[in-house]
Amino acid sequence: MNCTSCKPGRLEVGYIDNLFSAHTCNSCGGNWIYLGDYLTWQQNAEDFDTSGQPTVAVEAEETQQALLCPVTGSLMLKYRICHDSDHRLDLSPAVNGIWLDRGEWQLLKDRGLATSLNKIFTAPWQKQVRDDSAKATFEGLYDDKFGEQGHAKLKALRDWLADQNQRAAMIAYLAAVDPYSANK
């Protein structure tokens with residue numbers, strides 16, 4: 001098979017970290033894996049721990065353009081791995097094949113996601129990524145608007161108010177220009 005990412009490379013049969021079967025590009029170092037091979041490994045990888053493994057200083061690459069499945073030639077779908085990373089994994093739903101750019105497996109291990117690869121392609125995972133991304137965006141906006149210290153105080157007050165029986169009256173008190181006057 002030809003490489004879906006760099007085009008001139010050939011996908012050669014091998015293994016990712018001697019764990020499960022993959023086809024590795026002899027040019028760009030990307031990996032084509034089948035979800036079935038990964039899931040077979042995953043069933044026995046409950047205790048898979050990356051903390052004792054040496055970290056290879058490889059910067060994870062990201063293919064920006066749309067990729068074609070090396071088996072079917074159909075367009076693959078991109079899925080974000082988490083809200084604080086721009087990395088997207090490519091999935092060919094036609095054959096349940098996954099393209100990992102060079103360094104992305106190490107990135108997944110570093111983030112503790114090596115045993116959750118299949119979950120990344122689910123609707124609940126992607127919804128959580130979007131929700132976390134939106135929350136991070138609002139956190140940044142509020143930090144800019146109120147200052148980090150002011151925002152932290154507001155969050156603490158908000159959390160405290162959430163547990164109060166007279167919450168609405170307390171918010172009205174805070175919103176009033178002069179809460180000790182009959183005038184608004």
# chains A, B, ... in the order shown; residues from 1 in each chain; ligands from 1
$ residues_around --residues "region 96-104 of chain A" --least-positions-apart "5" --cutoff "7 Å" --atoms "only C-alpha atoms" --output "list in words"
Cys28, Gly29, Gly30, Asn31, Trp32, Ile33, Tyr34, Leu35, Val58, Glu59, Ala60, Glu61, Glu62, Thr63, Leu89, Asp90 and Leu91 of chain A
$ select_by_dssp --residues "region 4-155 of chain A" --states "helix (DSSP H, G or I)" --output "PyMOL selection string"
chain A and resi 35-43+104-110+114-121+123-146+148-155
$ residues_around --residues "region 135-137 of chain A" --least-positions-apart "5" --cutoff "10 Å" --atoms "only C-alpha atoms" --output "ChimeraX atom specification"
/A:83-84,129-130,142-143
$ write_last_selection --atoms "N, CA, C and O atoms" --output "JSON list (two decimals), in the first residue's frame"
[["chain", "number", "residue", "atom", "x", "y", "z"],
["A", 83, "HIS", "N", -9.36, 18.53, 24.03],
["A", 83, "HIS", "CA", -9.63, 19.95, 23.80],
["A", 83, "HIS", "C", -8.37, 20.81, 23.76],
["A", 83, "HIS", "O", -8.35, 21.84, 23.13],
["A", 84, "ASP", "N", -7.31, 20.39, 24.44],
["A", 84, "ASP", "CA", -6.12, 21.23, 24.50],
["A", 84, "ASP", "C", -5.03, 20.78, 23.54],
["A", 84, "ASP", "O", -3.86, 21.08, 23.73],
["A", 129, "VAL", "N", -14.97, 16.70, 24.09],
["A", 129, "VAL", "CA", -13.89, 17.55, 23.56],
["A", 129, "VAL", "C", -14.44, 18.93, 23.23],
["A", 129, "VAL", "O", -13.84, 19.95, 23.57],
["A", 130, "ARG", "N", -15.59, 18.98, 22.56],
["A", 130, "ARG", "CA", -16.20, 20.27, 22.22],
["A", 130, "ARG", "C", -16.59, 21.05, 23.47],
["A", 130, "ARG", "O", -16.36, 22.25, 23.56],
["A", 142, "TYR", "N", -13.14, 35.20, 30.24],
["A", 142, "TYR", "CA", -13.41, 35.75, 31.57],
["A", 142, "TYR", "C", -12.12, 36.21, 32.25],
["A", 142, "TYR", "O", -12.10, 37.23, 32.95],
["A", 143, "ASP", "N", -11.03, 35.46, 32.06],
["A", 143, "ASP", "CA", -9.74, 35.89, 32.60],
["A", 143, "ASP", "C", -9.34, 37.24, 32.02],
["A", 143, "ASP", "O", -8.86, 38.12, 32.73]]
$ closest_residue --among "A:Ser181, A:Gly14, A:Met1, A:Gln128" --to "Pro70 (chain A)" --atoms "only C-alpha atoms"
A:Met1
$ select_by_dssp --residues "chain A" --states "strand (DSSP E)" --output "PyMOL selection string"
chain A and resi 11-16+20-25+31-34+77-80+88-92+97-100
$ write_last_selection --atoms "C-alpha atoms" --output "tab-separated table (two decimals), in the first residue's frame"
chain	number	residue	atom	x	y	z
A	11	LEU	CA	3.40	1.13	4.04
A	12	GLU	CA	5.43	-1.77	5.36
A	13	VAL	CA	4.09	-4.42	7.75
A	14	GLY	CA	5.38	-4.04	11.29
A	15	TYR	CA	4.33	-3.33	14.85
A	16	ILE	CA	3.77	-0.26	16.99
A	20	PHE	CA	0.07	-4.67	17.79
A	21	SER	CA	0.25	-4.95	14.04
A	22	ALA	CA	0.62	-1.80	11.93
A	23	HIS	CA	1.74	-0.68	8.50
A	24	THR	CA	4.47	1.93	8.87
A	25	CYS	CA	5.43	4.37	6.12
A	31	ASN	CA	1.25	4.30	10.90
A	32	TRP	CA	-1.83	2.67	9.42
A	33	ILE	CA	-3.55	0.42	11.93
A	34	TYR	CA	-6.72	-1.57	11.90
A	77	LEU	CA	-12.78	11.51	8.95
A	78	LYS	CA	-10.75	13.58	11.43
A	79	TYR	CA	-11.33	13.37	15.19
A	80	ARG	CA	-9.77	15.60	17.86
A	88	ARG	CA	-6.69	14.98	14.99
A	89	LEU	CA	-6.67	11.30	14.23
A	90	ASP	CA	-7.89	10.08	10.87
A	91	LEU	CA	-10.40	7.23	10.68
A	92	SER	CA	-11.58	5.28	7.67
A	97	GLY	CA	-8.56	1.83	9.80
A	98	ILE	CA	-6.75	4.58	11.69
A	99	TRP	CA	-3.93	6.78	10.43
A	100	LEU	CA	-1.46	7.93	13.07
$ atom_distance --atom1 "CA of Leu161 (chain A)" --atom2 "CA of Tyr173 (chain A)"
12.2 Å
$ residues_around --residues "Lys155 (chain A)" --least-positions-apart "5" --cutoff "12 Å" --atoms "only C-alpha atoms" --output "number ranges by chain"
A: 139, 142-143, 146, 148-150, 160-162
$ write_last_selection --atoms "C-alpha atoms" --output "PDB file, in the first residue's frame"
ATOM      1  CA  GLU A 139     -12.285  30.686  30.883  1.00  0.00           C
ATOM      2  CA  TYR A 142     -13.406  35.753  31.569  1.00  0.00           C
ATOM      3  CA  ASP A 143      -9.739  35.888  32.604  1.00  0.00           C
ATOM      4  CA  PHE A 146     -12.075  40.295  34.854  1.00  0.00           C
ATOM      5  CA  GLU A 148      -7.315  36.082  36.545  1.00  0.00           C
ATOM      6  CA  GLN A 149      -7.623  37.031  40.210  1.00  0.00           C
ATOM      7  CA  GLY A 150     -11.043  38.661  39.757  1.00  0.00           C
ATOM      8  CA  TRP A 160     -20.823  29.407  47.051  1.00  0.00           C
ATOM      9  CA  LEU A 161     -24.063  30.942  45.736  1.00  0.00           C
ATOM     10  CA  ALA A 162     -25.044  27.689  44.049  1.00  0.00           C
TER      11      ALA A 162
END
$ atom_distance --atom1 "CA of Arg111 (chain A)" --atom2 "CA of Gln126 (chain A)"
16.3 Å
